[in-house]
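Undergrad: Dropping in upload-v1.pdb, which is PDB, C-alpha atoms and all ligand atoms:
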```
ATOM      1  CA  MET A 145       2.986   6.710 -24.705
ATOM      2  CA  ILE A 146       4.056   3.586 -22.820
ATOM      3  CA  GLU A 147       5.353   1.097 -25.395
ATOM      4  CA  ASN A 148       5.081  -2.683 -25.237
ATOM      5  CA  VAL A 149       7.584  -3.753 -22.703
ATOM      6  CA  THR A 150      10.003  -6.640 -23.028
ATOM      7  CA  MET A 151      11.927  -6.024 -19.802
ATOM      8  CA  ASP A 152      11.602  -8.289 -16.799
ATOM      9  CA  PRO A 153       8.549  -7.057 -14.767
ATOM     10  CA  ARG A 154      10.490  -6.465 -11.546
ATOM     11  CA  GLN A 155      13.289  -4.679 -13.376
ATOM     12  CA  GLN A 156      10.771  -2.440 -15.125
ATOM     13  CA  PHE A 157       8.914  -1.732 -11.874
ATOM     14  CA  GLU A 158      12.162  -0.822 -10.157
ATOM     15  CA  GLU A 159      13.270   1.416 -13.039
ATOM     16  CA  ASP A 160       9.993   3.214 -13.826
ATOM     17  CA  GLY A 161       7.833   2.701 -10.743
ATOM     18  CA  PHE A 162       5.043   0.976 -12.638
ATOM     19  CA  TYR A 163       4.263  -2.131 -14.694
ATOM     20  CA  VAL A 164       1.330  -3.170 -16.938
ATOM     21  CA  ALA A 165       0.298  -6.835 -16.702
ATOM     22  CA  GLU A 166      -1.616  -7.381 -19.924
ATOM     23  CA  GLY A 167      -4.690  -9.649 -20.002
ATOM     24  CA  THR A 168      -4.649 -10.409 -16.271
ATOM     25  CA  PHE A 169      -8.460 -10.681 -16.109
ATOM     26  CA  ARG A 170     -10.506 -12.526 -18.756
ATOM     27  CA  PRO A 171     -13.156 -10.673 -20.827
ATOM     28  CA  GLU A 172     -16.027 -12.525 -19.101
ATOM     29  CA  GLU A 173     -14.660 -11.513 -15.679
ATOM     30  CA  VAL A 174     -14.411  -7.888 -16.769
ATOM     31  CA  ASP A 175     -17.995  -8.012 -18.116
ATOM     32  CA  ARG A 176     -19.150  -9.298 -14.744
ATOM     33  CA  PHE A 177     -17.424  -6.471 -12.861
ATOM     34  CA  ARG A 178     -18.824  -3.856 -15.259
ATOM     35  CA  ALA A 179     -22.397  -5.124 -14.822
ATOM     36  CA  HIS A 180     -21.996  -5.534 -11.066
ATOM     37  CA  TYR A 181     -20.882  -1.966 -10.358
ATOM     38  CA  GLU A 182     -23.567  -0.541 -12.624
ATOM     39  CA  GLU A 183     -26.092  -2.483 -10.542
ATOM     40  CA  LEU A 184     -24.598  -1.067  -7.328
ATOM     41  CA  ARG A 185     -24.696   2.461  -8.730
ATOM     42  CA  LEU A 186     -28.360   2.111  -9.689
ATOM     43  CA  ALA A 187     -29.179   0.659  -6.280
ATOM     44  CA  GLY A 188     -27.903   3.997  -4.945
ATOM     45  CA  SER A 189     -27.305   2.732  -1.463
ATOM     46  CA  PHE A 190     -23.690   1.729  -1.648
ATOM     47  CA  SER A 191     -21.295   4.639  -1.181
ATOM     48  CA  ASP A 192     -22.726   6.787   1.573
ATOM     49  CA  ASP A 193     -21.016   9.960   0.391
ATOM     50  CA  ASN A 194     -21.153   9.230  -3.331
ATOM     51  CA  VAL A 195     -24.816   8.620  -4.145
ATOM     52  CA  ALA A 196     -25.726   9.222  -7.813
ATOM     53  CA  ASP A 197     -27.744  12.341  -8.651
ATOM     54  CA  PRO A 198     -29.460  11.537 -11.985
ATOM     55  CA  THR A 199     -30.486  15.188 -12.474
ATOM     56  CA  SER A 200     -26.982  16.695 -12.224
ATOM     57  CA  ASP A 201     -25.206  18.406 -15.152
ATOM     58  CA  ASP A 202     -21.936  16.958 -13.885
ATOM     59  CA  PRO A 203     -21.393  13.474 -15.368
ATOM     60  CA  LEU A 204     -19.466  12.547 -12.218
ATOM     61  CA  ARG A 205     -22.467  13.313 -10.038
ATOM     62  CA  ARG A 206     -24.552  10.998 -12.196
ATOM     63  CA  TYR A 207     -21.817   8.363 -12.056
ATOM     64  CA  PRO A 208     -19.993   8.911  -8.751
ATOM     65  CA  ARG A 209     -16.979   6.810  -7.945
ATOM     66  CA  GLN A 210     -17.571   4.017  -5.451
ATOM     67  CA  MET A 211     -15.154   3.520  -2.564
ATOM     68  CA  GLN A 212     -14.284   0.789  -0.073
ATOM     69  CA  MET A 213     -16.860  -1.548  -1.629
ATOM     70  CA  HIS A 214     -15.090  -4.663  -0.328
ATOM     71  CA  ARG A 215     -16.224  -3.860   3.209
ATOM     72  CA  LYS A 216     -19.788  -4.759   2.207
ATOM     73  CA  ASP A 217     -19.494  -6.502  -1.147
ATOM     74  CA  GLU A 218     -18.096 -10.012  -1.653
ATOM     75  CA  LEU A 219     -17.177  -9.601  -5.345
ATOM     76  CA  SER A 220     -15.101  -6.534  -4.503
ATOM     77  CA  LEU A 221     -13.316  -8.450  -1.731
ATOM     78  CA  GLU A 222     -12.636 -11.253  -4.238
ATOM     79  CA  PHE A 223     -10.992  -8.757  -6.572
ATOM     80  CA  LEU A 224      -9.000  -7.128  -3.776
ATOM     81  CA  CYS A 225      -7.586 -10.477  -2.635
ATOM     82  CA  ASP A 226      -7.267 -12.068  -6.086
ATOM     83  CA  ALA A 227      -4.439 -14.603  -6.256
ATOM     84  CA  ARG A 228      -3.159 -13.207  -9.581
ATOM     85  CA  ILE A 229      -2.736  -9.753  -8.087
ATOM     86  CA  ASP A 230      -1.032 -11.248  -5.040
ATOM     87  CA  ALA A 231       1.402 -13.169  -7.273
ATOM     88  CA  LEU A 232       2.179 -10.121  -9.419
ATOM     89  CA  ILE A 233       2.752  -7.754  -6.491
ATOM     90  CA  THR A 234       4.877 -10.381  -4.769
ATOM     91  CA  GLU A 235       6.956 -10.616  -7.943
ATOM     92  CA  LEU A 236       7.259  -6.820  -8.220
ATOM     93  CA  THR A 237       7.994  -5.986  -4.580
ATOM     94  CA  GLY A 238       9.241  -9.203  -2.997
ATOM     95  CA  PHE A 239       6.356  -9.197  -0.475
ATOM     96  CA  SER A 240       2.772 -10.410  -0.452
ATOM     97  CA  PRO A 241       0.821  -7.133  -0.104
ATOM     98  CA  LEU A 242      -1.668  -6.057   2.570
ATOM     99  CA  ALA A 243      -4.995  -4.941   1.111
ATOM    100  CA  VAL A 244      -6.599  -1.652   2.164
ATOM    101  CA  GLN A 245      -8.872  -0.138  -0.487
ATOM    102  CA  THR A 246     -11.190  -0.714  -3.453
ATOM    103  CA  MET A 247     -12.534   1.980  -5.789
ATOM    104  CA  PHE A 248     -14.596   1.930  -8.978
ATOM    105  CA  TYR A 249     -14.484   4.885 -11.376
ATOM    106  CA  PHE A 250     -17.144   5.104 -14.126
ATOM    107  CA  LYS A 251     -15.635   8.166 -15.852
ATOM    108  CA  PRO A 252     -18.500   8.622 -18.311
ATOM    109  CA  PRO A 253     -18.249  10.657 -21.549
ATOM    110  CA  LYS A 254     -17.319  14.291 -20.813
ATOM    111  CA  ALA A 255     -16.354  13.579 -17.185
ATOM    112  CA  ARG A 256     -13.486  15.416 -15.570
ATOM    113  CA  GLY A 257     -10.266  13.601 -14.714
ATOM    114  CA  GLN A 258      -8.184  13.610 -11.542
ATOM    115  CA  ALA A 259      -5.231  15.980 -11.190
ATOM    116  CA  LEU A 260      -1.689  14.668 -10.713
ATOM    117  CA  HIS A 261      -1.071  13.229  -7.241
ATOM    118  CA  GLN A 262       0.838  10.607  -5.270
ATOM    119  CA  ASP A 263      -1.259   7.953  -3.555
ATOM    120  CA  ASN A 264       0.887   7.682  -0.453
ATOM    121  CA  PHE A 265       0.123  11.323   0.347
ATOM    122  CA  TYR A 266      -3.303   9.923   1.305
ATOM    123  CA  LEU A 267      -2.552   6.355   2.433
ATOM    124  CA  LYS A 268       0.458   7.170   4.611
ATOM    125  CA  ALA A 269       1.784   3.618   4.373
ATOM    126  CA  ALA A 270       5.062   3.380   6.290
ATOM    127  CA  PRO A 271       7.927   2.702   6.452
ATOM    128  CA  SER A 272       7.902   1.961   2.699
ATOM    129  CA  THR A 273       4.839   2.900   0.620
ATOM    130  CA  CYS A 274       1.646   1.661  -0.999
ATOM    131  CA  ILE A 275       0.992   0.091  -4.413
ATOM    132  CA  ALA A 276      -2.038   0.334  -6.711
ATOM    133  CA  ALA A 277      -3.536  -2.319  -8.993
ATOM    134  CA  TRP A 278      -5.558  -0.319 -11.546
ATOM    135  CA  MET A 279      -7.616  -2.565 -13.818
ATOM    136  CA  ALA A 280      -9.058  -1.205 -17.066
ATOM    137  CA  VAL A 281     -12.732  -2.185 -17.282
ATOM    138  CA  ASP A 282     -12.994  -0.533 -20.714
ATOM    139  CA  ASP A 283     -10.267  -0.138 -23.304
ATOM    140  CA  CYS A 284      -8.674   3.203 -22.478
ATOM    141  CA  ASP A 285      -6.633   5.739 -24.388
ATOM    142  CA  GLU A 286      -6.140   9.488 -24.476
ATOM    143  CA  GLU A 287      -9.601  10.158 -25.912
ATOM    144  CA  ASN A 288     -11.484   8.638 -22.977
ATOM    145  CA  GLY A 289      -9.032   9.832 -20.329
ATOM    146  CA  CYS A 290      -6.659   6.940 -19.663
ATOM    147  CA  LEU A 291      -4.363   7.047 -16.664
ATOM    148  CA  MET A 292      -1.203   9.178 -17.034
ATOM    149  CA  VAL A 293       1.963   8.332 -15.122
ATOM    150  CA  VAL A 294       5.269  10.156 -14.691
ATOM    151  CA  PRO A 295       8.056   7.570 -15.089
ATOM    152  CA  GLY A 296      10.764   7.573 -12.448
ATOM    153  CA  THR A 297       8.795   9.542  -9.853
ATOM    154  CA  HIS A 298       8.730   6.552  -7.474
ATOM    155  CA  GLN A 299      12.160   7.807  -6.372
ATOM    156  CA  LEU A 300      10.717  11.140  -5.209
ATOM    157  CA  PRO A 301       9.518  12.017  -1.720
ATOM    158  CA  THR A 302       6.023  13.397  -1.138
ATOM    159  CA  MET A 303       5.816  16.581  -3.204
ATOM    160  CA  CYS A 304       4.214  19.932  -2.518
ATOM    161  CA  LEU A 305       0.832  20.830  -3.995
ATOM    162  CA  SER A 306      -0.672  23.680  -5.946
ATOM    163  CA  LYS A 307      -4.206  24.512  -7.034
ATOM    164  CA  SER A 308      -5.560  22.378  -9.895
ATOM    165  CA  ASP A 309      -7.948  23.387 -12.671
ATOM    166  CA  THR A 310     -11.315  22.118 -11.399
ATOM    167  CA  THR A 311     -12.838  22.400 -14.870
ATOM    168  CA  LYS A 312     -10.539  19.470 -15.764
ATOM    169  CA  SER A 313     -10.144  17.691 -12.428
ATOM    170  CA  PHE A 314     -12.622  16.659  -9.761
ATOM    171  CA  THR A 315      -9.913  17.171  -7.153
ATOM    172  CA  SER A 316      -8.721  20.665  -6.317
ATOM    173  CA  VAL A 317      -4.996  20.204  -5.777
ATOM    174  CA  GLU A 318      -2.158  18.834  -7.882
ATOM    175  CA  VAL A 319       1.467  17.910  -7.463
ATOM    176  CA  VAL A 320       3.950  20.400  -8.853
ATOM    177  CA  LEU A 321       5.939  18.405 -11.438
ATOM    178  CA  PRO A 322       9.713  18.671 -11.235
ATOM    179  CA  GLU A 323      11.250  20.349 -14.274
ATOM    180  CA  GLY A 324      11.851  18.031 -17.220
ATOM    181  CA  MET A 325       9.377  15.404 -16.047
ATOM    182  CA  VAL A 326       6.252  14.670 -18.085
ATOM    183  CA  ALA A 327       3.162  12.518 -17.644
ATOM    184  CA  VAL A 328       2.745   9.817 -20.295
ATOM    185  CA  PRO A 329      -0.499   8.030 -21.236
ATOM    186  CA  VAL A 330      -0.910   4.358 -20.357
ATOM    187  CA  ILE A 331      -2.945   2.801 -23.170
ATOM    188  CA  MET A 332      -4.669  -0.330 -21.896
ATOM    189  CA  LYS A 333      -7.145  -2.999 -22.950
ATOM    190  CA  ALA A 334      -9.967  -4.071 -20.663
ATOM    191  CA  GLY A 335      -8.585  -6.710 -18.280
ATOM    192  CA  ASP A 336      -5.035  -5.291 -18.204
ATOM    193  CA  VAL A 337      -3.786  -4.258 -14.768
ATOM    194  CA  LEU A 338      -1.391  -1.365 -14.162
ATOM    195  CA  PHE A 339       0.643  -1.620 -10.960
ATOM    196  CA  PHE A 340       2.256   1.530  -9.630
ATOM    197  CA  ASN A 341       4.235   2.488  -6.578
ATOM    198  CA  GLY A 342       2.598   4.903  -4.112
ATOM    199  CA  GLN A 343       5.119   7.668  -4.788
ATOM    200  CA  VAL A 344       4.494   7.635  -8.562
ATOM    201  CA  ILE A 345       2.928  10.885  -9.752
ATOM    202  CA  HIS A 346      -0.166  10.059 -11.774
ATOM    203  CA  GLY A 347      -3.628  11.310 -12.691
ATOM    204  CA  SER A 348      -5.912  11.554 -15.681
ATOM    205  CA  ASN A 349      -7.298  14.080 -18.144
ATOM    206  CA  PRO A 350     -11.013  14.527 -18.884
ATOM    207  CA  ASN A 351     -12.896  11.968 -20.969
ATOM    208  CA  THR A 352     -13.322  13.834 -24.271
ATOM    209  CA  SER A 353     -15.300  11.079 -25.961
ATOM    210  CA  GLU A 354     -18.993  11.648 -26.707
ATOM    211  CA  THR A 355     -19.893   8.010 -26.186
ATOM    212  CA  ARG A 356     -17.192   5.947 -24.473
ATOM    213  CA  PHE A 357     -16.958   5.355 -20.733
ATOM    214  CA  ARG A 358     -13.563   4.791 -19.122
ATOM    215  CA  ARG A 359     -14.349   2.565 -16.200
ATOM    216  CA  SER A 360     -11.651   1.232 -13.877
ATOM    217  CA  LEU A 361     -11.601  -1.040 -10.861
ATOM    218  CA  ILE A 362      -8.801  -0.062  -8.518
ATOM    219  CA  ALA A 363      -7.320  -1.791  -5.495
ATOM    220  CA  HIS A 364      -4.765  -0.328  -3.136
ATOM    221  CA  TYR A 365      -2.319  -2.222  -0.976
ATOM    222  CA  VAL A 366       0.460  -1.377   1.382
ATOM    223  CA  ILE A 367       3.717  -3.117   0.591
ATOM    224  CA  GLY A 368       4.112  -6.184   2.785
ATOM    225  CA  ASP A 369       6.876  -4.673   4.930
ATOM    226  CA  CYS A 370       4.620  -1.822   6.134
ATOM    227  CA  THR A 371       3.663  -1.566   9.781
ATOM    228  CA  SER A 372       1.466   1.522   9.628
ATOM    229  CA  VAL A 373      -1.276   3.119   7.459
ATOM    230  CA  GLY A 374      -3.839   5.952   7.693
ATOM    231  CA  GLN A 375      -7.078   5.360   9.610
ATOM    232  CA  TRP A 376      -9.309   5.566   6.474
ATOM    233  CA  TYR A 377      -7.643   2.362   5.180
ATOM    234  CA  LYS A 378      -8.456   0.125   8.113
ATOM    235  CA  PRO A 379      -9.273  -2.730   8.462
ATOM    236  CA  VAL A 380      -6.232  -4.100   6.654
ATOM    237  CA  TYR A 381      -6.524  -7.532   5.015
ATOM    238  CA  ARG A 382      -3.926 -10.145   4.285
ATOM    239  CA  MET A 383      -4.410 -11.711   0.857
ATOM    240  CA  ASP A 384      -6.108 -14.721   2.483
ATOM    241  CA  LYS A 385      -8.807 -12.243   3.651
ATOM    242  CA  THR A 386      -7.866 -12.439   7.328
ATOM    243  CA  ILE A 387      -7.456  -9.128   9.124
ATOM    244  CA  ILE A 388      -4.102  -7.872  10.366
ATOM    245  CA  GLU A 389      -3.660  -5.026  12.857
ATOM    246  CA  LEU A 390      -1.299  -2.249  11.731
ATOM    247  CA  GLU A 391      -0.416   0.935  13.579
ATOM    248  CA  THR A 392      -2.295   4.086  12.560
ATOM    249  CA  SER A 393      -0.255   6.687  10.668
ATOM    250  CA  VAL A 394      -0.820  10.350  11.406
ATOM    251  CA  GLY A 395      -2.776  12.258   8.736
ATOM    252  CA  GLY A 396      -3.926  10.942   5.378
ATOM    253  CA  GLY A 397      -7.466  10.503   4.138
ATOM    254  CA  GLN A 398      -9.417   9.291   1.137
ATOM    255  CA  CYS A 399      -7.718   9.573  -2.256
ATOM    256  CA  GLY A 400      -8.646  13.108  -3.311
ATOM    257  CA  ASP A 401     -11.706  15.046  -2.225
ATOM    258  CA  TRP A 402     -14.430  15.598  -4.781
ATOM    259  CA  ILE A 403     -14.874  19.268  -5.722
ATOM    260  CA  ASP A 404     -17.553  20.767  -7.988
ATOM    261  CA  VAL A 405     -16.519  22.662 -11.134
ATOM    262  CA  GLY A 406     -14.978  25.983 -10.088
ATOM    263  CA  GLY A 407     -14.651  24.710  -6.535
ATOM    264  CA  GLU A 408     -12.354  26.305  -3.997
ATOM    265  CA  LEU A 409      -8.874  25.171  -3.146
ATOM    266  CA  ARG A 410      -8.978  22.828  -0.178
ATOM    267  CA  ILE A 411      -5.921  21.089   1.180
ATOM    268  CA  GLU A 412      -7.573  19.680   4.229
ATOM    269  CA  MET A 413      -5.347  16.607   4.041
ATOM    270  CA  PHE A 414      -2.231  18.696   4.432
ATOM    271  CA  ASP A 415      -0.696  17.981   7.785
ATOM    272  CA  PRO A 416       1.740  20.701   8.906
ATOM    273  CA  SER A 417       3.560  18.202  11.104
ATOM    274  CA  ASP A 418       4.242  15.992   8.074
ATOM    275  CA  ARG A 419       8.004  16.134   7.744
ATOM    276  CA  ASP A 420       7.934  14.155   4.481
ATOM    277  CA  LEU A 421       6.280  16.986   2.619
ATOM    278  CA  MET A 422       8.904  18.365   0.289
ATOM    279  CA  VAL A 423       8.947  21.972  -0.800
ATOM    280  CA  LEU A 424      10.334  22.199  -4.304
ATOM    281  CA  THR A 425      11.101  25.880  -4.447
ATOM    282  CA  GLU A 426      14.699  26.743  -3.521
TER     283      GLU A 426
HETATM  284  O1  LIG A 501      -8.562   6.605 -12.676
HETATM  285  C1  LIG A 501      -8.261   7.785 -12.575
HETATM  286  O2  LIG A 501      -8.594   8.616 -13.405
HETATM  287  C2  LIG A 501      -7.443   8.231 -11.424
HETATM  288  C3  LIG A 501      -7.240   7.144 -10.441
HETATM  289  C4  LIG A 501      -6.203   7.447  -9.475
HETATM  290  O3  LIG A 501      -5.555   8.435  -9.556
HETATM  291  C5  LIG A 501      -5.889   6.545  -8.392
HETATM  292  O4  LIG A 501      -6.376   5.419  -8.374
HETATM  293  O5  LIG A 501      -5.125   6.933  -7.489
END
```
Show me the file's structure as C-alpha cells.

TA:
Amino acid sequence: MIENVTMDPRQQFEEDGFYVAEGTFRPEEVDRFRAHYEELRLAGSFSDDNVADPTSDDPLRRYPRQMQMHRKDELSLEFLCDARIDALITELTGFSPLAVQTMFYFKPPKARGQALHQDNFYLKAAPSTCIAAWMAVDDCDEENGCLMVVPGTHQLPTMCLSKSDTTKSFTSVEVVLPEGMVAVPVIMKAGDVLFFNGQVIHGSNPNTSETRFRRSLIAHYVIGDCTSVGQWYKPVYRMDKTIIELETSVGGGQCGDWIDVGGELRIEMFDPSDRDLMVLTE
C-alpha cells in the first residue's frame, strides 16, 4: 500500500512516477461532479459508444464509462483545465500541461476492473509522454477496486502485451510485468488526485463490494514539451482552454477497448511499425 508521503512532490514523482495530492478538490465540488455524471448517464445521450443498457447483467453495461465529455460539457472542460491541476502538474514536470482527454468511471459494485497497462501506449504523446490526473469521486480501497500502480515503471519503455482475464478486466490485454515488480494499491479519499506518468504500469481489480461504487474522474494531458499525440486526443487544449495544434502521432487509440466477459483477445491498437514496443523475452 502507498504510505503517507513526506517527500517533496517533484522528488517523489521523479522517483516513483506518481504522486497523490490529497484533498485537492473540496467535498462539495466532488458531490457536484458525482451528481452531474449520474445525470449524464441517465440522459443516455452523451457517450455515443457507451450508452447505458439498464437490462444488462454486466454492471459496466449499466454504468458505462464516459469519455471525452469536455468536448460537449462545460463542467468537464472546467475540470480538465482546473488551475489546481495545472499548478500541480507544472510543479511535477516543470511544464504547464496540454489537455487531451476526460473520462468518468462509475465502477459499480461487482464491476470488473481494467488490466495493467501504460497510458502512452494509447496516447502516443511524443517526444516525452503523457500524464494522468485521476480524481477519486468516492473513497477507494482494495475492496471497491482502487487504482493499482507499479512504482518505478515510469523508467520503462512501452512493454509487450499478453491476454488478460476478461472475467476480471473489461479490457482484453495486459502488460507483462517485469520480474520482481508488483502493483500496489493507492488508497484515496474522495477529492484526492493521483498524478502518474504515462509510462507507469497501472490498472485496477474488480469492485468486490456489494454496495460501494468506486467512481473516478480522470483527465489526461501530454507533458508541455510534447509536439505530437494520437488522433483520438485532438483537439488539444492549453490550460487557458485555447486550442493548440500538435502533430498527429502514428497509431494509438482510446484507452483500452471494452470487451464482454469471456471476450476474445484483440490487440487492434498494436502497430507493427511501432519501434518503441519492447519485447521482454530474451
Ligand atoms: O480507474 C480505473 O480503474 C482504471 C483507469 C485507468 O487505467 C486509466 O485512467 O488509465

Undergrad: Kindly provide, as JSON, numbers by chain, all nucleotide and amino acid residues lying within 7 Å of ligand LIG 501 (chain A), counting all atoms listed in the file.

TA: {"A": [249, 257, 258, 261, 263, 276, 278, 290, 291, 346, 347, 348, 360, 362, 399]}

Undergrad: What does the PyMOL selection byres (((chain A and resi 167) around 8) and not hetatm) select in this file, as a ChimeraX atom specification?

TA: /A:165-166,168-170,333-337

Undergrad: Residues within 10 Å of A:Arg205, please, as a PyMOL selection string. Count all atoms listed in the file; anything in the same chain fewer than 5 positions from it doesn't count.

TA: chain A and resi 194-200+255+402+404

Undergrad: Quick one: distance from atom CA of A:Val317 to atom CA of A:Tyr266 in Å, one decimal?

TA: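 Straight-line distance from atom CA of A:Val317 to atom CA of A:Tyr266 works out to 12.6 Å.
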
Undergrad: Enter the distance from atom CA of A:Met292 to atom CA of A:Ala227, in Å, rounded to one decimal.

TA: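 These atoms are spaced 26.3 Å apart.
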
Undergrad: Compare A:Thr237, A:Asn264, A:Gln210, A:Gln245 by their minimum atom-to-atom distance to A:Trp376, counting only C-alpha atoms, and give me the closest one.

TA: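 Of all the options, A:Gln245 lies closest to A:Trp376.
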
Undergrad: Once 6 Å is added on each side, what centre and edge lengths in Å to one decimal does the axis-aligned box around all listed atoms of stretch 151-165 of chain A have, as JSON?

TA:
```
{"center_x": 6.8, "center_y": -2.5, "center_z": -15.0, "size_x": 25.0, "size_y": 23.5, "size_z": 21.6}
```

Undergrad: As a check of understanding, name the residues that the PyMOL selection byres (((chain A and resi 209) around 8) and not hetatm) selects in the supplied structure, as a ChimeraX atom specification.

TA: /A:194,204,207-208,210-211,247-250

Undergrad: May I ask which of the residues A:Thr273, A:Ser372, A:Asn288, A:Gln262 is the closest one to A:Cys304, counting all atoms listed in the file?

TA: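 Smallest distance to A:Cys304 is found for A:Gln262.
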
Undergrad: Written as a PyMOL selection string, what is the full residue list that the PyMOL selection byres (((chain A and resi 325) around 10) and not hetatm) yields on the file shown?

TA: chain A and resi 294-297+321-324+326-328

Undergrad: Separation of atom CA of A:Ile331 and atom CA of A:Thr310, in Å?

TA: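 Those two atoms sit 24.1 Å apart.
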